[in-house]
Amino acid sequence: MNIVNVIESIWCLSAFGLTAMVLLHSPKGDGIGGIGGQAQLFSSTKSAESNLNRITWGLFLVFITLTIILSAGWLSTASVAPVVAPPVVGN
């Protein structure tokens with residue numbers, strides 16, 4: 001297993017983790033529950049929301065950084081352009 005495979009694995013795990021973290025966030029709007037004051041009943045604590053935000057931003061930075069590294073081709077094993085065969089001239 002080479003370094004590219006390891007980085008791609010971390011990239012995939014960060015993508016799945018980022019998706020899960022976004023889905024765990026509570027909605028910011030109160031919706032209809034805000035009319036009667038019931039929205040405060042089910043709100044999460046401030047520290048849990050803060051930690052969830054930190055983890056989400058951390059996974060986002062890992063995902064974006066690895067996306068740039070993998071797309072730029074800095075880790076490719078071939079440092080030269082591939083050799084193209086000359087065209088065949090028929091008789």
# chains A, B, ... in the order shown; residues from 1 in each chain; ligands from 1
$ residues_around --residues "A:Ile64" --least-positions-apart "4" --cutoff "10 Å" --atoms "only C-alpha atoms" --output "PyMOL selection string"
chain A and resi 11+14-15+59-60+68-70
$ write_last_selection --atoms "all heavy atoms" --output "PDB file, in the first residue's frame"
ATOM      1  N   TRP A  11      -9.019  10.514   2.865  1.00  0.00           N
ATOM      2  CA  TRP A  11      -9.920  11.425   2.168  1.00  0.00           C
ATOM      3  C   TRP A  11     -11.357  10.893   2.184  1.00  0.00           C
ATOM      4  O   TRP A  11     -12.296  11.630   2.453  1.00  0.00           O
ATOM      5  CB  TRP A  11      -9.407  11.626   0.747  1.00  0.00           C
ATOM      6  CG  TRP A  11     -10.229  12.526  -0.100  1.00  0.00           C
ATOM      7  CD1 TRP A  11     -10.359  13.875   0.013  1.00  0.00           C
ATOM      8  CD2 TRP A  11     -11.043  12.144  -1.213  1.00  0.00           C
ATOM      9  NE1 TRP A  11     -11.192  14.352  -0.973  1.00  0.00           N
ATOM     10  CE2 TRP A  11     -11.620  13.314  -1.726  1.00  0.00           C
ATOM     11  CE3 TRP A  11     -11.316  10.929  -1.821  1.00  0.00           C
ATOM     12  CZ2 TRP A  11     -12.474  13.297  -2.809  1.00  0.00           C
ATOM     13  CZ3 TRP A  11     -12.161  10.919  -2.916  1.00  0.00           C
ATOM     14  CH2 TRP A  11     -12.732  12.093  -3.397  1.00  0.00           C
ATOM     15  N   SER A  14     -12.761  11.086   5.707  1.00  0.00           N
ATOM     16  CA  SER A  14     -13.118  12.458   6.072  1.00  0.00           C
ATOM     17  C   SER A  14     -14.395  12.894   5.361  1.00  0.00           C
ATOM     18  O   SER A  14     -15.189  13.650   5.925  1.00  0.00           O
ATOM     19  CB  SER A  14     -11.968  13.421   5.769  1.00  0.00           C
ATOM     20  OG  SER A  14     -11.768  13.553   4.383  1.00  0.00           O
ATOM     21  N   ALA A  15     -14.629  12.411   4.150  1.00  0.00           N
ATOM     22  CA  ALA A  15     -15.866  12.745   3.438  1.00  0.00           C
ATOM     23  C   ALA A  15     -17.079  12.152   4.151  1.00  0.00           C
ATOM     24  O   ALA A  15     -18.089  12.833   4.355  1.00  0.00           O
ATOM     25  CB  ALA A  15     -15.801  12.238   2.000  1.00  0.00           C
ATOM     26  N   LEU A  59     -12.810  18.430   9.982  1.00  0.00           N
ATOM     27  CA  LEU A  59     -12.989  17.475   8.891  1.00  0.00           C
ATOM     28  C   LEU A  59     -13.075  18.181   7.547  1.00  0.00           C
ATOM     29  O   LEU A  59     -12.585  17.673   6.535  1.00  0.00           O
ATOM     30  CB  LEU A  59     -14.238  16.631   9.129  1.00  0.00           C
ATOM     31  CG  LEU A  59     -14.111  15.541  10.182  1.00  0.00           C
ATOM     32  CD1 LEU A  59     -15.465  14.912  10.469  1.00  0.00           C
ATOM     33  CD2 LEU A  59     -13.117  14.494   9.744  1.00  0.00           C
ATOM     34  N   PHE A  60     -13.697  19.353   7.534  1.00  0.00           N
ATOM     35  CA  PHE A  60     -13.775  20.128   6.298  1.00  0.00           C
ATOM     36  C   PHE A  60     -12.378  20.516   5.806  1.00  0.00           C
ATOM     37  O   PHE A  60     -12.061  20.366   4.623  1.00  0.00           O
ATOM     38  CB  PHE A  60     -14.625  21.377   6.515  1.00  0.00           C
ATOM     39  CG  PHE A  60     -14.586  22.349   5.367  1.00  0.00           C
ATOM     40  CD1 PHE A  60     -15.254  22.073   4.199  1.00  0.00           C
ATOM     41  CD2 PHE A  60     -13.864  23.524   5.460  1.00  0.00           C
ATOM     42  CE1 PHE A  60     -15.214  22.963   3.129  1.00  0.00           C
ATOM     43  CE2 PHE A  60     -13.818  24.421   4.410  1.00  0.00           C
ATOM     44  CZ  PHE A  60     -14.494  24.135   3.238  1.00  0.00           C
ATOM     45  N   ILE A  68      -7.211  18.985  -2.678  1.00  0.00           N
ATOM     46  CA  ILE A  68      -6.246  19.779  -3.453  1.00  0.00           C
ATOM     47  C   ILE A  68      -4.985  18.974  -3.732  1.00  0.00           C
ATOM     48  O   ILE A  68      -4.468  18.963  -4.855  1.00  0.00           O
ATOM     49  CB  ILE A  68      -5.930  21.094  -2.715  1.00  0.00           C
ATOM     50  CG1 ILE A  68      -7.167  21.997  -2.700  1.00  0.00           C
ATOM     51  CG2 ILE A  68      -4.739  21.806  -3.341  1.00  0.00           C
ATOM     52  CD1 ILE A  68      -7.050  23.200  -1.791  1.00  0.00           C
ATOM     53  N   ILE A  69      -4.498  18.262  -2.731  1.00  0.00           N
ATOM     54  CA  ILE A  69      -3.272  17.468  -2.908  1.00  0.00           C
ATOM     55  C   ILE A  69      -3.488  16.357  -3.934  1.00  0.00           C
ATOM     56  O   ILE A  69      -2.655  16.136  -4.817  1.00  0.00           O
ATOM     57  CB  ILE A  69      -2.810  16.889  -1.553  1.00  0.00           C
ATOM     58  CG1 ILE A  69      -2.280  18.007  -0.662  1.00  0.00           C
ATOM     59  CG2 ILE A  69      -1.762  15.809  -1.746  1.00  0.00           C
ATOM     60  CD1 ILE A  69      -1.991  17.585   0.755  1.00  0.00           C
ATOM     61  N   LEU A  70      -4.618  15.659  -3.830  1.00  0.00           N
ATOM     62  CA  LEU A  70      -4.869  14.556  -4.751  1.00  0.00           C
ATOM     63  C   LEU A  70      -5.155  15.040  -6.172  1.00  0.00           C
ATOM     64  O   LEU A  70      -4.757  14.402  -7.142  1.00  0.00           O
ATOM     65  CB  LEU A  70      -6.035  13.702  -4.239  1.00  0.00           C
ATOM     66  CG  LEU A  70      -5.741  12.864  -2.999  1.00  0.00           C
ATOM     67  CD1 LEU A  70      -7.026  12.249  -2.457  1.00  0.00           C
ATOM     68  CD2 LEU A  70      -4.711  11.793  -3.302  1.00  0.00           C
TER      69      LEU A  70
END
$ atom_distance --atom1 "atom CA of A:Ala20" --atom2 "atom CA of A:Lys46"
19.4 Å
$ residues_around --residues "A:Ile10" --least-positions-apart "5" --cutoff "9 Å" --atoms "only C-alpha atoms" --output "list in words"
Asn5, Ala15, Val62, Phe63 and Leu66 of chain A
$ closest_residue --among "A:Leu23, A:Leu13, A:Val4, A:Val84" --to "A:Leu52" --atoms "only C-alpha atoms"
A:Leu23
$ residues_around --residues "A:Asn53" --least-positions-apart "4" --cutoff "10 Å" --atoms "only C-alpha atoms" --output "ChimeraX atom specification"
/A:21-22,25,47-49,57-59
$ write_last_selection --atoms "N, CA and C atoms" --output "mmCIF file, in the first residue's frame"
data_model
loop_
_atom_site.group_PDB
_atom_site.id
_atom_site.type_symbol
_atom_site.label_atom_id
_atom_site.label_comp_id
_atom_site.auth_asym_id
_atom_site.auth_seq_id
_atom_site.Cartn_x
_atom_site.Cartn_y
_atom_site.Cartn_z
ATOM 1 N N MET A 21 -21.272 14.568 10.316
ATOM 2 C CA MET A 21 -21.274 15.732 11.204
ATOM 3 C C MET A 21 -22.287 16.776 10.764
ATOM 4 N N VAL A 22 -22.414 16.991 9.458
ATOM 5 C CA VAL A 22 -23.390 17.959 8.964
ATOM 6 C C VAL A 22 -24.805 17.493 9.287
ATOM 7 N N HIS A 25 -25.886 18.172 12.988
ATOM 8 C CA HIS A 25 -26.154 19.546 13.427
ATOM 9 C C HIS A 25 -27.650 19.758 13.592
ATOM 10 N N SER A 47 -22.086 23.779 24.672
ATOM 11 C CA SER A 47 -20.782 23.129 24.510
ATOM 12 C C SER A 47 -20.841 21.993 23.486
ATOM 13 N N ALA A 48 -21.932 21.260 23.452
ATOM 14 C CA ALA A 48 -22.051 20.178 22.475
ATOM 15 C C ALA A 48 -22.087 20.746 21.064
ATOM 16 N N GLU A 49 -22.813 21.827 20.879
ATOM 17 C CA GLU A 49 -22.880 22.462 19.558
ATOM 18 C C GLU A 49 -21.522 23.028 19.158
ATOM 19 N N TRP A 57 -15.584 21.621 11.204
ATOM 20 C CA TRP A 57 -14.593 22.469 10.518
ATOM 21 C C TRP A 57 -13.267 21.732 10.339
ATOM 22 N N GLY A 58 -12.860 20.943 11.322
ATOM 23 C CA GLY A 58 -11.623 20.170 11.199
ATOM 24 C C GLY A 58 -11.697 19.168 10.059
ATOM 25 N N LEU A 59 -12.810 18.430 9.982
ATOM 26 C CA LEU A 59 -12.989 17.475 8.891
ATOM 27 C C LEU A 59 -13.075 18.181 7.547
#
$ closest_residue --among "A:Pro86, A:Thr19, A:Leu24, A:Met1" --to "A:Asn51" --atoms "only C-alpha atoms"
A:Leu24
$ atom_distance --atom1 "atom CA of A:Ile55" --atom2 "atom CA of A:Cys12"
16.1 Å
